[in-house]
Each structure stands twice: as C-alpha cells, then as structure tokens.
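Dumped input_11.cif below, it's mmCIF, C-alpha atoms and all ligand atoms:
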```cif
data_work
loop_
_atom_site.label_atom_id
_atom_site.label_comp_id
_atom_site.auth_asym_id
_atom_site.auth_seq_id
_atom_site.Cartn_x
_atom_site.Cartn_y
_atom_site.Cartn_z
CA MET A 1 33.11 2.92 -3.74
CA ASP A 2 35.52 3.63 -0.92
CA THR A 3 33.77 4.29 2.43
CA SER A 4 35.92 7.42 2.86
CA MET A 5 33.97 9.03 -0.01
CA LEU A 6 30.71 9.18 1.95
CA GLU A 7 30.38 11.47 4.95
CA PRO A 8 29.49 9.82 8.26
CA GLY A 9 25.75 9.70 8.89
CA LEU A 10 22.55 7.79 8.25
CA TYR A 11 21.65 6.96 4.63
CA ILE A 12 18.05 5.74 4.17
CA VAL A 13 18.23 3.61 1.05
CA ALA A 14 15.20 2.40 -0.97
CA THR A 15 15.57 -1.04 -2.55
CA PRO A 16 13.50 -2.97 -5.14
CA ILE A 17 9.99 -4.31 -4.37
CA GLY A 18 10.51 -7.50 -6.36
CA ASN A 19 12.51 -6.84 -9.50
CA LEU A 20 16.17 -6.46 -8.54
CA GLY A 21 16.72 -4.48 -11.75
CA ASP A 22 14.91 -1.58 -10.07
CA VAL A 23 17.76 -0.79 -7.72
CA THR A 24 18.86 2.77 -8.53
CA LEU A 25 22.44 3.75 -9.42
CA ARG A 26 22.68 5.95 -6.35
CA SER A 27 21.26 3.26 -4.02
CA ALA A 28 23.91 0.85 -5.33
CA GLU A 29 26.65 3.49 -4.89
CA VAL A 30 25.62 4.28 -1.33
CA LEU A 31 25.39 0.60 -0.38
CA ALA A 32 28.86 0.13 -1.88
CA GLY A 33 30.18 3.12 0.03
CA CYS A 34 28.69 2.54 3.48
CA ALA A 35 30.57 0.88 6.32
CA LEU A 36 27.55 -0.87 7.84
CA ILE A 37 24.00 -1.73 6.73
CA ALA A 38 21.12 -1.81 9.22
CA CYS A 39 18.49 -4.17 7.80
CA GLU A 40 15.42 -6.22 8.72
CA ASP A 41 16.68 -9.62 7.59
CA THR A 42 20.33 -10.22 6.73
CA ARG A 43 19.41 -13.05 4.31
CA VAL A 44 17.10 -10.82 2.24
CA THR A 45 19.56 -7.92 2.14
CA GLY A 46 22.38 -10.41 1.52
CA ARG A 47 20.64 -11.44 -1.73
CA LEU A 48 20.52 -7.83 -2.93
CA LEU A 49 24.18 -7.30 -2.00
CA HIS A 50 25.11 -10.48 -3.86
CA HIS A 51 23.22 -9.18 -6.93
CA LEU A 52 25.30 -5.98 -6.69
CA GLY A 53 28.55 -7.90 -6.18
CA LEU A 54 28.98 -6.45 -2.68
CA SER A 55 29.91 -7.93 0.64
CA LYS A 56 29.09 -5.71 3.62
CA LYS A 57 28.80 -5.79 7.38
CA MET A 58 25.10 -5.99 8.30
CA GLN A 59 23.23 -5.48 11.56
CA ARG A 60 19.61 -6.47 12.14
CA TYR A 61 17.42 -3.57 13.19
CA ASP A 62 13.75 -2.99 13.89
CA ASP A 63 12.09 -0.21 15.83
CA HIS A 64 11.39 -2.59 18.72
CA ALA A 65 15.11 -3.31 19.09
CA ASP A 66 16.40 -2.53 22.56
CA ALA A 67 17.79 0.97 23.11
CA GLY A 68 21.30 -0.55 23.26
CA ALA A 69 21.11 -1.75 19.64
CA ARG A 70 19.88 1.67 18.50
CA ASP A 71 22.62 3.43 20.48
CA ARG A 72 25.31 1.26 18.87
CA LEU A 73 24.03 2.23 15.42
CA LEU A 74 23.94 5.92 16.39
CA GLU A 75 27.49 5.68 17.66
CA ALA A 76 28.62 4.12 14.36
CA MET A 77 26.92 6.93 12.39
CA GLU A 78 28.95 9.55 14.27
CA HIS A 79 32.11 8.27 12.52
CA GLN A 80 30.99 6.22 9.51
CA PRO A 81 28.36 6.13 6.77
CA VAL A 82 25.58 3.73 7.87
CA ALA A 83 22.81 2.64 5.48
CA LEU A 84 19.29 1.70 6.55
CA VAL A 85 17.37 -0.63 4.23
CA SER A 86 14.21 -2.71 4.62
CA ASP A 87 13.45 -6.08 3.02
CA ALA A 88 11.80 -4.31 0.09
CA GLY A 89 10.93 -0.79 -0.99
CA THR A 90 11.35 2.39 1.00
CA PRO A 91 12.35 2.10 4.66
CA LEU A 92 9.87 3.58 7.19
CA ILE A 93 6.88 3.03 4.85
CA SER A 94 5.12 0.29 6.87
CA ASP A 95 8.67 -0.74 7.75
CA PRO A 96 11.16 -0.02 10.56
CA GLY A 97 13.27 3.11 10.82
CA TYR A 98 11.12 5.89 12.26
CA ARG A 99 12.67 5.69 15.74
CA LEU A 100 16.18 5.43 14.36
CA VAL A 101 15.72 8.47 12.08
CA ARG A 102 14.20 10.45 14.91
CA ALA A 103 17.05 9.58 17.28
CA ALA A 104 19.69 10.37 14.63
CA ARG A 105 18.15 13.78 13.92
CA GLU A 106 17.95 14.54 17.65
CA ALA A 107 21.63 13.63 17.98
CA GLY A 108 22.53 16.09 15.19
CA ILE A 109 23.71 13.29 12.89
CA LYS A 110 23.57 13.88 9.12
CA VAL A 111 20.49 12.06 7.74
CA THR A 112 19.78 11.71 4.04
CA SER A 113 17.31 9.62 2.02
CA ILE A 114 18.05 7.91 -1.29
CA PRO A 115 14.66 7.60 -3.03
CA GLY A 116 13.54 4.59 -5.02
CA PRO A 117 10.75 2.01 -5.30
CA SER A 118 7.73 1.84 -3.03
CA ALA A 119 4.71 -0.41 -3.58
CA LEU A 120 2.38 2.44 -2.56
CA VAL A 121 3.48 4.82 -5.34
CA THR A 122 3.87 2.06 -7.93
CA ALA A 123 0.27 0.90 -7.29
CA LEU A 124 -1.10 4.45 -7.39
CA THR A 125 0.47 5.11 -10.78
CA LEU A 126 -0.99 1.88 -12.15
CA ALA A 127 -4.56 1.73 -10.84
CA GLY A 128 -6.19 4.47 -12.92
CA LEU A 129 -7.71 6.08 -9.82
CA PRO A 130 -7.32 9.80 -9.00
CA THR A 131 -3.82 10.58 -7.74
CA ASP A 132 -4.18 14.27 -6.90
CA ARG A 133 -5.23 13.45 -3.33
CA PHE A 134 -4.62 10.12 -1.63
CA LEU A 135 -4.42 8.70 1.85
CA PHE A 136 -2.09 5.83 2.65
CA ALA A 137 -2.95 4.01 5.87
CA GLY A 138 -0.67 0.97 5.96
CA PHE A 139 -2.40 -2.36 6.67
CA LEU A 140 -6.10 -2.46 7.61
CA PRO A 141 -6.72 -4.01 11.05
CA SER A 142 -7.10 -7.80 10.98
CA LYS A 143 -10.21 -7.95 13.21
CA ALA A 144 -13.52 -7.48 11.35
CA LYS A 145 -14.99 -4.76 13.59
CA ALA A 146 -11.77 -2.71 13.71
CA ARG A 147 -11.41 -3.05 9.92
CA GLU A 148 -14.92 -1.70 9.29
CA ASP A 149 -14.38 1.11 11.81
CA ALA A 150 -11.16 2.10 10.01
CA LEU A 151 -12.97 2.22 6.65
CA ARG A 152 -15.82 4.23 8.18
CA GLU A 153 -13.29 6.75 9.52
CA PHE A 154 -12.06 7.42 5.96
CA ALA A 155 -15.45 7.18 4.20
CA ALA A 156 -16.06 10.89 3.72
CA LEU A 157 -12.53 11.73 2.53
CA ARG A 158 -12.39 12.99 -1.06
CA ALA A 159 -9.22 11.05 -1.76
CA THR A 160 -8.08 7.70 -3.11
CA LEU A 161 -7.45 5.36 -0.16
CA VAL A 162 -4.41 3.07 -0.32
CA PHE A 163 -3.73 0.08 1.95
CA TYR A 164 -1.18 -2.71 2.05
CA GLU A 165 -2.87 -6.12 2.06
CA THR A 166 -2.12 -9.83 2.22
CA GLY A 167 -3.59 -12.62 0.07
CA PRO A 168 -5.35 -14.51 2.89
CA ARG A 169 -7.12 -11.33 4.08
CA LEU A 170 -8.00 -9.76 0.72
CA VAL A 171 -11.56 -11.13 0.36
CA ALA A 172 -12.48 -10.17 3.95
CA SER A 173 -11.24 -6.62 3.29
CA LEU A 174 -13.21 -6.43 0.03
CA GLU A 175 -16.33 -7.59 1.90
CA ALA A 176 -15.82 -4.80 4.43
CA ILE A 177 -15.44 -2.28 1.58
CA ALA A 178 -18.66 -3.56 -0.06
CA ALA A 179 -20.49 -3.09 3.25
CA VAL A 180 -19.04 0.28 4.31
CA LEU A 181 -18.09 2.02 1.04
CA ALA A 182 -20.72 0.67 -1.37
CA GLY A 183 -20.44 1.87 -4.95
CA ARG A 184 -16.75 2.82 -4.86
CA GLU A 185 -14.32 1.73 -7.54
CA VAL A 186 -11.69 -0.61 -6.09
CA ALA A 187 -8.34 -1.79 -7.48
CA VAL A 188 -6.11 -4.67 -6.45
CA ALA A 189 -2.45 -4.28 -7.50
CA ARG A 190 -0.59 -7.54 -7.01
CA GLU A 191 2.99 -8.74 -7.41
CA LEU A 192 4.17 -5.37 -8.72
CA THR A 193 7.36 -5.41 -10.81
CA LYS A 194 7.34 -9.24 -10.76
CA LEU A 195 6.54 -11.89 -13.36
CA TYR A 196 2.84 -12.20 -12.43
CA GLU A 197 2.13 -8.50 -11.92
CA GLU A 198 -1.57 -7.66 -12.26
CA CYS A 199 -3.83 -4.73 -11.52
CA ARG A 200 -7.53 -5.58 -11.50
CA SER A 201 -10.23 -3.00 -10.87
CA GLY A 202 -14.01 -2.98 -10.54
CA SER A 203 -16.63 -2.94 -7.81
CA ALA A 204 -15.82 -4.67 -4.51
CA GLU A 205 -18.49 -7.26 -5.44
CA ASP A 206 -16.79 -8.05 -8.80
CA LEU A 207 -13.42 -8.43 -7.11
CA ILE A 208 -14.84 -10.64 -4.32
CA ALA A 209 -16.29 -12.97 -6.97
CA HIS A 210 -12.97 -13.08 -8.84
CA TYR A 211 -10.71 -13.67 -5.83
CA ARG A 212 -13.04 -16.30 -4.32
CA GLU A 213 -12.50 -18.21 -7.58
CA HIS A 214 -8.78 -17.38 -7.81
CA PRO A 215 -7.30 -17.08 -4.30
CA PRO A 216 -4.65 -14.36 -4.61
CA ARG A 217 -0.98 -15.15 -4.11
CA GLY A 218 1.86 -12.80 -3.36
CA GLU A 219 1.97 -9.19 -2.29
CA ILE A 220 -0.96 -6.81 -2.66
CA VAL A 221 -1.84 -3.12 -2.57
CA LEU A 222 -5.55 -2.36 -2.22
CA LEU A 223 -6.89 0.97 -3.52
CA ILE A 224 -10.33 2.55 -3.18
CA GLY A 225 -11.46 5.43 -5.36
CA PRO A 226 -12.89 8.60 -3.77
CA PRO A 227 -16.63 9.06 -3.30
CA GLY A 228 -18.43 10.41 -6.41
CA GLU A 229 -18.13 14.14 -7.06
CA ALA A 230 -21.86 14.59 -6.35
CA GLY A 231 -21.43 13.45 -2.74
CA PRO A 232 -23.81 11.00 -1.05
CA PRO A 233 -26.69 10.02 -3.37
CA ASP A 234 -29.87 12.06 -3.11
CA ALA A 235 -32.68 9.52 -2.47
CA ASP A 236 -35.37 11.58 -4.30
CA LYS A 237 -33.14 12.04 -7.34
CA ILE A 238 -32.36 8.31 -7.47
CA GLU A 239 -36.06 7.42 -7.16
CA ALA A 240 -36.94 9.83 -9.99
CA ALA A 241 -34.20 8.32 -12.19
CA MET A 242 -35.48 4.85 -11.37
CA ARG A 243 -39.11 5.72 -12.23
CA ALA A 244 -37.98 7.21 -15.55
CA ALA A 245 -35.90 4.11 -16.33
CA LEU A 246 -38.76 1.76 -15.34
CA ALA A 247 -41.04 3.49 -17.82
CA GLU A 248 -38.76 2.26 -20.59
CA MET A 249 -37.13 -0.97 -19.41
CA SER A 250 -37.33 -3.99 -17.11
CA PRO A 251 -36.52 -3.66 -13.36
CA SER A 252 -33.24 -5.50 -13.92
CA GLN A 253 -32.13 -3.20 -16.77
CA ALA A 254 -33.33 -0.12 -14.85
CA ALA A 255 -31.29 -1.15 -11.79
CA SER A 256 -28.15 -1.62 -13.93
CA THR A 257 -28.63 1.69 -15.76
CA VAL A 258 -29.19 3.75 -12.61
CA ALA A 259 -26.39 1.93 -10.73
CA LYS A 260 -23.90 2.72 -13.48
CA ALA A 261 -25.00 6.33 -13.85
CA HIS A 262 -24.73 7.07 -10.11
CA GLY A 263 -21.95 4.69 -9.03
CA LEU A 264 -24.33 2.77 -6.75
CA ASP A 265 -24.82 -0.87 -5.78
CA ARG A 266 -26.96 -2.67 -8.40
CA LYS A 267 -28.44 -5.21 -5.97
CA THR A 268 -29.87 -2.52 -3.69
CA LEU A 269 -31.31 -0.67 -6.67
CA TYR A 270 -32.87 -3.85 -8.05
CA ALA A 271 -34.80 -4.28 -4.79
CA GLN A 272 -35.96 -0.66 -5.10
CA ALA A 273 -36.94 -1.20 -8.75
CA MET A 274 -39.06 -4.25 -7.83
CA ALA A 275 -40.76 -2.33 -5.02
CA LEU A 276 -41.57 0.62 -7.32
CA LYS A 277 -42.83 -1.67 -10.05
CA SER A 278 -45.28 -3.41 -7.74
N1 LIG A 301 8.45 -0.47 2.56
C1 LIG A 301 7.69 -1.15 1.54
C2 LIG A 301 7.35 -0.17 0.41
O1 LIG A 301 7.94 0.90 0.35
O2 LIG A 301 6.49 -0.47 -0.39
C3 LIG A 301 6.47 -1.83 2.11
C4 LIG A 301 6.76 -2.83 3.19
S1 LIG A 301 5.35 -3.59 3.87
C5 LIG A 301 6.02 -4.46 5.23
C6 LIG A 301 5.06 -4.93 2.77
C7 LIG A 301 3.76 -4.75 2.00
O3 LIG A 301 3.97 -3.88 0.90
C8 LIG A 301 3.25 -6.05 1.39
O4 LIG A 301 2.49 -6.80 2.32
C9 LIG A 301 2.38 -5.52 0.27
O5 LIG A 301 1.15 -5.07 0.78
C10 LIG A 301 3.21 -4.30 -0.20
N2 LIG A 301 4.13 -4.70 -1.26
C11 LIG A 301 5.46 -4.81 -1.20
N3 LIG A 301 5.96 -5.22 -2.38
C12 LIG A 301 4.91 -5.36 -3.22
C13 LIG A 301 4.76 -5.76 -4.57
N4 LIG A 301 5.81 -6.11 -5.29
N5 LIG A 301 3.51 -5.80 -5.10
C14 LIG A 301 2.44 -5.43 -4.37
N6 LIG A 301 2.52 -5.06 -3.09
C15 LIG A 301 3.73 -5.02 -2.50
#
```
Exercise: express the given structure as structure tokens:
Amino acid sequence: MDTSMLEPGLYIVATPIGNLGDVTLRSAEVLAGCALIACEDTRVTGRLLHHLGLSKKMQRYDDHADAGARDRLLEAMEHQPVALVSDAGTPLISDPGYRLVRAAREAGIKVTSIPGPSALVTALTLAGLPTDRFLFAGFLPSKAKAREDALREFAALRATLVFYETGPRLVASLEAIAAVLAGREVAVARELTKLYEECRSGSAEDLIAHYREHPPRGEIVLLIGPPGEAGPPDADKIEAAMRAALAEMSPSQAASTVAKAHGLDRKTLYAQAMALKS
C-alpha cells in the first residue's frame, strides 16, 4: 500500500501473540501503508515485517522515552501515517503507548486503533470461567506481601480476575491464591496460539502440585473464577452439612463431599470433620 492512501495520524496496530498467521488483513495493510513504525524492539517487529514481506522505517518507543522522542513521533504524525505496535498483542495492554496516545489526542492528531489479538481476551475465551464480568489487572506484584494485598483487594469482586504471569513466578502466585482466595476455581492459559498451547484449570492446590512437578515454560495468563454465588460460606450451614455427611460416610469422604458441594478447601474441612467425629 502506498503511504499516500492513509491519512496522517497515529494507527495503533495489534499484532500476533505467538502465531504470525493471526495478523489481521487490516493490520497488514496499515503496516504496509504507514511511513514509520513506533515499536518496542526493532528486531521483534522486524521479524513480523519480514513475514509480511515489508521493509519499513522503525523507531523504538516506550512510555519512559524522553519527551524529545515522543515529540518527534508527534511531529511525524502531523504529516504522515505512523503505526504503533508492541512486541506482541495489543499495544497499551500491559505495554507502552498510553502516554503517546494521550499526547496525540491532546494535540488534535487523528488516532485510530486496528483491533486484533490480545492474550487477555484469548485466555478468557478459553478458560471456561464466567466472561460476563471480568477484571484485568496486569501483572501481580513480585513481592509476596504486595501480591497477597493485591489479591485481597479483589477478593470480594463478583468477577473473573485475569492477570499476566511469568513461569518462574507462577507457583508463588498460586500459593498466594490458595491462601487468600481459598476454594476458587483457577485456570492457567499458557503459550496461547503456539505449538504447546495449554489451558489447565482446577483448584490452586491442584495447579501448585502440577506445576511443581512440571515447571512451566513460556508465556502465561492466570485466571481466577468469581466467588460462589452464595457469597462467603455460612459456618452453621457447613457444619450441618458436615454432620449429615458424617452420619453416612468417613471423615475423608465427608470432607470431599462438602468441599465439592460448597467450593471449599478440602483440607480445612477434613480437620473440621475429624474434630466433629471425636
Ligand atoms: N500487549 C500484550 C497483549 O495484548 O496480550 C501483552 C503484553 S505483556 C508485556 C506480555 C504478557 O502477556 C506475557 O508475560 C504473558 O503474561 C501474556 N502473553 C502474551 N502472549 C501470550 C501467549 N501467547 N500466551 C499466554 N500469555 C501471553
């Protein structure tokens, strides 16, 4: 495409999250038609351009770039179509671009967004958790206390929680979920759109056991289902259910049955079952 066919302005262009075949027709057209591409890493974007048979002028950009770099991009957008891409997925979603978009809008520059892949939406569609209400909160903090505090802040929300995660930190995050959000269904969506794509769900405890055995590689989205419809468990109701179950089965079976029925932690219930039995 000839650059004269696109109006001057800022074009936010989503790119694949792993499988280059996911680049959209319009993303490819806009990249072909822009005069300059602002990107995170010229080598990564260079690979996509090579796949599309394009050769384009690129400029590195992140939101911590000095004001001079941002001003040069804004100046270019006044006269030419400029694309903004990130290494993968949708720019601005846990990626640079917010400051640039804000500055372009303030300067009265045309800004348009070319939608496409994002790991967040891909994971949500795959995990089998409710999608009618969700909260995306980027990466959880890396320090243990801050991570637990962040989870506590979201604990009462009736929404699926979605976080970006890394392999080395996955088990620590699952441990925090087990401690703070006991009983919730959790899903780990890994290497989406790539050869070893997987989406594994279960309790945080199940997933901890699995990923301790099989340290996760690659890129990860972590999802946590909303709290049960009934709200926080009613202690009297749980005790009554446990007594009824104990009348018919062993403490271990009673703990499993009540845990499943109420979405609660089996270990805690087993301790309660033993106490009631004695
Ligand atoms: N802007 C991107 C988007 O729209 O998805 C996200 C960029 S963020 C810096 C990178 C994180 O996104 C990774 O650490 C991982 O949590 C998630 N991610 C990106 N690609 C992924 C994939 N193919 N599978 C699973 N998670 C992915």
| said: Give me, as JSON, numbers by chain, all polymer residues having an atom no more than 12 Å from stretch 195-210 of chain A, counting all atoms listed in the file and skipping those fewer than 6 positions away in the same chain. | reply: {"A": [17, 18, 19, 119, 122, 123, 124, 125, 126, 127, 128, 129, 169, 170, 171, 172, 173, 174, 175, 176, 177, 178, 179, 180, 181, 182, 183, 184, 185, 186, 187, 188, 189, 216, 217, 218, 219, 220, 221, 222, 223, 224, 225, 259, 260, 263, 264, 265, 266, 267]}
Dump as a PDB file, in the coordinates of the input, selection limited to C-alpha atoms:
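Everything below was put into result.pdb:
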```pdb
ATOM      1  CA  ILE A  17       9.990  -4.310  -4.370  1.00  0.00           C
ATOM      2  CA  GLY A  18      10.510  -7.500  -6.360  1.00  0.00           C
ATOM      3  CA  ASN A  19      12.510  -6.840  -9.500  1.00  0.00           C
ATOM      4  CA  ALA A 119       4.710  -0.410  -3.580  1.00  0.00           C
ATOM      5  CA  THR A 122       3.870   2.060  -7.930  1.00  0.00           C
ATOM      6  CA  ALA A 123       0.270   0.900  -7.290  1.00  0.00           C
ATOM      7  CA  LEU A 124      -1.100   4.450  -7.390  1.00  0.00           C
ATOM      8  CA  THR A 125       0.470   5.110 -10.780  1.00  0.00           C
ATOM      9  CA  LEU A 126      -0.990   1.880 -12.150  1.00  0.00           C
ATOM     10  CA  ALA A 127      -4.560   1.730 -10.840  1.00  0.00           C
ATOM     11  CA  GLY A 128      -6.190   4.470 -12.920  1.00  0.00           C
ATOM     12  CA  LEU A 129      -7.710   6.080  -9.820  1.00  0.00           C
ATOM     13  CA  ARG A 169      -7.120 -11.330   4.080  1.00  0.00           C
ATOM     14  CA  LEU A 170      -8.000  -9.760   0.720  1.00  0.00           C
ATOM     15  CA  VAL A 171     -11.560 -11.130   0.360  1.00  0.00           C
ATOM     16  CA  ALA A 172     -12.480 -10.170   3.950  1.00  0.00           C
ATOM     17  CA  SER A 173     -11.240  -6.620   3.290  1.00  0.00           C
ATOM     18  CA  LEU A 174     -13.210  -6.430   0.030  1.00  0.00           C
ATOM     19  CA  GLU A 175     -16.330  -7.590   1.900  1.00  0.00           C
ATOM     20  CA  ALA A 176     -15.820  -4.800   4.430  1.00  0.00           C
ATOM     21  CA  ILE A 177     -15.440  -2.280   1.580  1.00  0.00           C
ATOM     22  CA  ALA A 178     -18.660  -3.560  -0.060  1.00  0.00           C
ATOM     23  CA  ALA A 179     -20.490  -3.090   3.250  1.00  0.00           C
ATOM     24  CA  VAL A 180     -19.040   0.280   4.310  1.00  0.00           C
ATOM     25  CA  LEU A 181     -18.090   2.020   1.040  1.00  0.00           C
ATOM     26  CA  ALA A 182     -20.720   0.670  -1.370  1.00  0.00           C
ATOM     27  CA  GLY A 183     -20.440   1.870  -4.950  1.00  0.00           C
ATOM     28  CA  ARG A 184     -16.750   2.820  -4.860  1.00  0.00           C
ATOM     29  CA  GLU A 185     -14.320   1.730  -7.540  1.00  0.00           C
ATOM     30  CA  VAL A 186     -11.690  -0.610  -6.090  1.00  0.00           C
ATOM     31  CA  ALA A 187      -8.340  -1.790  -7.480  1.00  0.00           C
ATOM     32  CA  VAL A 188      -6.110  -4.670  -6.450  1.00  0.00           C
ATOM     33  CA  ALA A 189      -2.450  -4.280  -7.500  1.00  0.00           C
ATOM     34  CA  PRO A 216      -4.650 -14.360  -4.610  1.00  0.00           C
ATOM     35  CA  ARG A 217      -0.980 -15.150  -4.110  1.00  0.00           C
ATOM     36  CA  GLY A 218       1.860 -12.800  -3.360  1.00  0.00           C
ATOM     37  CA  GLU A 219       1.970  -9.190  -2.290  1.00  0.00           C
ATOM     38  CA  ILE A 220      -0.960  -6.810  -2.660  1.00  0.00           C
ATOM     39  CA  VAL A 221      -1.840  -3.120  -2.570  1.00  0.00           C
ATOM     40  CA  LEU A 222      -5.550  -2.360  -2.220  1.00  0.00           C
ATOM     41  CA  LEU A 223      -6.890   0.970  -3.520  1.00  0.00           C
ATOM     42  CA  ILE A 224     -10.330   2.550  -3.180  1.00  0.00           C
ATOM     43  CA  GLY A 225     -11.460   5.430  -5.360  1.00  0.00           C
ATOM     44  CA  ALA A 259     -26.390   1.930 -10.730  1.00  0.00           C
ATOM     45  CA  LYS A 260     -23.900   2.720 -13.480  1.00  0.00           C
ATOM     46  CA  GLY A 263     -21.950   4.690  -9.030  1.00  0.00           C
ATOM     47  CA  LEU A 264     -24.330   2.770  -6.750  1.00  0.00           C
ATOM     48  CA  ASP A 265     -24.820  -0.870  -5.780  1.00  0.00           C
ATOM     49  CA  ARG A 266     -26.960  -2.670  -8.400  1.00  0.00           C
ATOM     50  CA  LYS A 267     -28.440  -5.210  -5.970  1.00  0.00           C
TER      51      LYS A 267
END
```
| said: Under the rule that all atoms listed in the file are counted, which of A:Leu120, A:Ala38, A:Ala103, A:Leu74 is the nearest residue to ligand LIG 301 (chain A)? | reply: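 Nearest to ligand LIG 301 (chain A): A:Leu120.
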| atom CA of A:Leu269 and atom CA of A:Ser256, how far apart in Å? | 8.0 Å
| task | Produce as a count of residues only the set of residues near ligand LIG 301 (chain A), where near means within 7 Å with only C-alpha atoms and all ligand atoms considered. | result | 27
Could you put an axis-aligned box around every listed atom of stretch 101-112 of chain A, padded by 8 Å on each side, and send me its centre and edge lengths in Å to one decimal, as AutoDock Vina command-line options?
```
--center_x 19.0 --center_y 12.3 --center_z 11.0 --size_x 25.5 --size_y 23.6 --size_z 29.9
```
| task | Provide the atom CA of A:Ala144 to atom CA of A:Pro215 distance in Å, to one decimal place. | result |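 Taking atom CA of A:Ala144 as the start and atom CA of A:Pro215 as the end point, the length is 19.4 Å.
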| request: Quick one: pull the distance between atom CA of A:Pro8 and atom CA of A:His79, Å, one decimal. | output: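 Between atom CA of A:Pro8 and atom CA of A:His79 the gap works out to 5.2 Å.
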| Residue with smallest distance to A:Leu10 - pool A:Ser55, A:Thr45, A:Thr160, A:Ser113, counting all atoms listed in the file |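 Counting all atoms listed in the file, the residue closest to A:Leu10 is A:Ser113.
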| message | Excluding stretch 273-275 of chain A and its own-chain neighbours fewer than 3 positions away, which residues fall within 12 Å of it when counting all atoms listed in the file? Please give them as a PyMOL selection string. | response | chain A and resi 238-247+249-259+266-270+278
| Once you count all atoms listed in the file, which residues end up no further than 8 Å from (10.1, -0.8, 16.8) in the file's frame, shown as an MDAnalysis selection string? | chainID A and resid 62:65 96:97 99
| query | Please, which residues are within 12 Å of (31.2, 2.7, -1.6) by the file's coordinates, counting only C-alpha atoms, and could they come as a VMD selection string? | reply | chain A and resid 1 to 7 25 to 37 52 to 56 80 to 83
